[in-house]
Amino acid sequence: MRLGQKNPRTRRWARRGTRPRALADLRTKSAYLFGAICPKRGTGAAVVMPSANTQAMQHHLDEIARNLAPKAHAIVVLDQAGWHTTDRLRVPQNISLLPLPPKSPELNPAENVWQFLRQNKLSNRIFSGYEAIVTAACEAWNSLIADPARITSIGTRQWAIINHD
């Protein structure tokens, strides 16, 4: 998820007949939050990077691998961004990548995570600079990680539940 000084504005409650004000920033500094969740365990792993590229994705995969339960194997659902599908990635042995069909963000639970964070933690804000953006990204992610039930609610997909019967 890209976040930065040009953040979206979201709806706000206001008294009928009034127009609520929301500040906007036209500067363009940004950071990228790479995050993955495990709905079953109600946890996740993330890194904040200055750009979205193969190196950043490699850091993210390594962070996921470090945060897995012992002897666990993660299936990482992802879209077909170039840095997700490149042969230059060294995928850790305890991770498998599951690329989604093109133009199908509704199948990716992470899209709902980004929507939740934008609507509840990161919208209608002005950031003074890059460090403030990184701090806000970390605080937003940490607030999500502190709420395992929310992770389970946002990330569970019936089509992804494996039945071991």
# chains A, B, ... in the order shown; residues from 1 in each chain; ligands from 1
call {"tool": "select_by_dssp", "arguments": {"residues": "chain A", "states": "strand (DSSP E)", "output": "list in words"}}
result
Arg2, Leu3, Gly4, Ser30, Ala31, Tyr32, Leu33, Phe34, Gly35, Ala36, Ile37, Cys38, Thr43, Gly44, Ala45, Ala46, Val47, Val48, Met49, Ala74, Ile75, Val76, Val77, Leu78, Ile95, Ser96, Leu97, Leu98 and Pro99 of chain A
call {"tool": "select_by_dssp", "arguments": {"residues": "stretch 55-125 of chain A", "states": "helix (DSSP H, G or I)", "output": "count of residues only"}}
result
34
call {"tool": "residues_around", "arguments": {"residues": "A:Val134", "least_positions_apart": "5", "cutoff": "10 Å", "atoms": "only C-alpha atoms", "output": "compact mmCIF listing (two decimals) with C-alpha atoms, in the first residue's frame"}}
result
# COMPACT_ATOMS: atom_id res chain seq x y z
CA LEU A 3 0.78 6.09 1.63
CA GLY A 4 2.05 9.60 1.75
CA SER A 30 5.42 8.61 0.11
CA ALA A 31 6.32 5.23 1.56
CA TYR A 32 5.09 1.72 0.89
CA LEU A 33 3.66 -0.61 3.50
CA VAL A 47 7.83 -3.73 6.47
CA VAL A 48 7.74 -0.08 5.43
CA MET A 49 9.93 0.71 2.45
CA PRO A 50 10.75 3.88 0.47
CA PHE A 127 2.25 14.45 7.10
CA GLY A 129 7.62 14.58 5.82
CA GLU A 139 1.37 2.96 14.14
CA ALA A 140 -1.49 1.96 11.84
call {"tool": "residues_around", "arguments": {"residues": "stretch 69-83 of chain A", "least_positions_apart": "6", "cutoff": "6 Å", "atoms": "only C-alpha atoms", "output": "ChimeraX atom specification"}}
result
/A:53-54,94-100
call {"tool": "atom_distance", "arguments": {"atom1": "atom CA of A:Cys38", "atom2": "atom CA of A:Asn112"}}
result
13.3 Å
call {"tool": "residues_around", "arguments": {"residues": "A:Ala136", "least_positions_apart": "5", "cutoff": "10 Å", "atoms": "only C-alpha atoms", "output": "PyMOL selection string"}}
result
chain A and resi 3-4+121-122+125+127+130-131+141-142
call {"tool": "residues_around", "arguments": {"residues": "A:Gln58", "least_positions_apart": "2", "cutoff": "9 Å", "atoms": "only C-alpha atoms", "output": "ChimeraX atom specification"}}
result
/A:53-56,60-63,83,89-91
call {"tool": "closest_atom_pairs", "arguments": {"of": "stretch 21-72 of chain A", "to": "stretch 144-158 of chain A", "cutoff": "6 Å", "atoms": "only C-alpha atoms", "output": "JSON lines"}}
result
{"residue": "A:Pro39", "atom": "CA", "partner": "A:Thr152", "partner_atom": "CA", "distance": 4.1}
{"residue": "A:Gly42", "atom": "CA", "partner": "A:Pro148", "partner_atom": "CA", "distance": 4.1}
{"residue": "A:Thr43", "atom": "CA", "partner": "A:Ile145", "partner_atom": "CA", "distance": 5.8}
call {"tool": "write_last_selection", "arguments": {"atoms": "C-alpha atoms", "output": "short mmCIF file (atom, residue, chain, number, x, y, z; two decimals), in the first residue's frame"}}
result
data_model
loop_
_atom_site.label_atom_id
_atom_site.label_comp_id
_atom_site.auth_asym_id
_atom_site.auth_seq_id
_atom_site.Cartn_x
_atom_site.Cartn_y
_atom_site.Cartn_z
CA PRO A 39 -6.41 -14.80 9.61
CA GLY A 42 -4.82 -13.30 13.92
CA THR A 43 -1.35 -11.96 13.27
#
call {"tool": "atom_distance", "arguments": {"atom1": "atom CA of A:Ser51", "atom2": "atom CA of A:Leu107"}}
result
24.3 Å
call {"tool": "atom_distance", "arguments": {"atom1": "atom CA of A:Ser143", "atom2": "atom CA of A:Val113"}}
result
11.9 Å
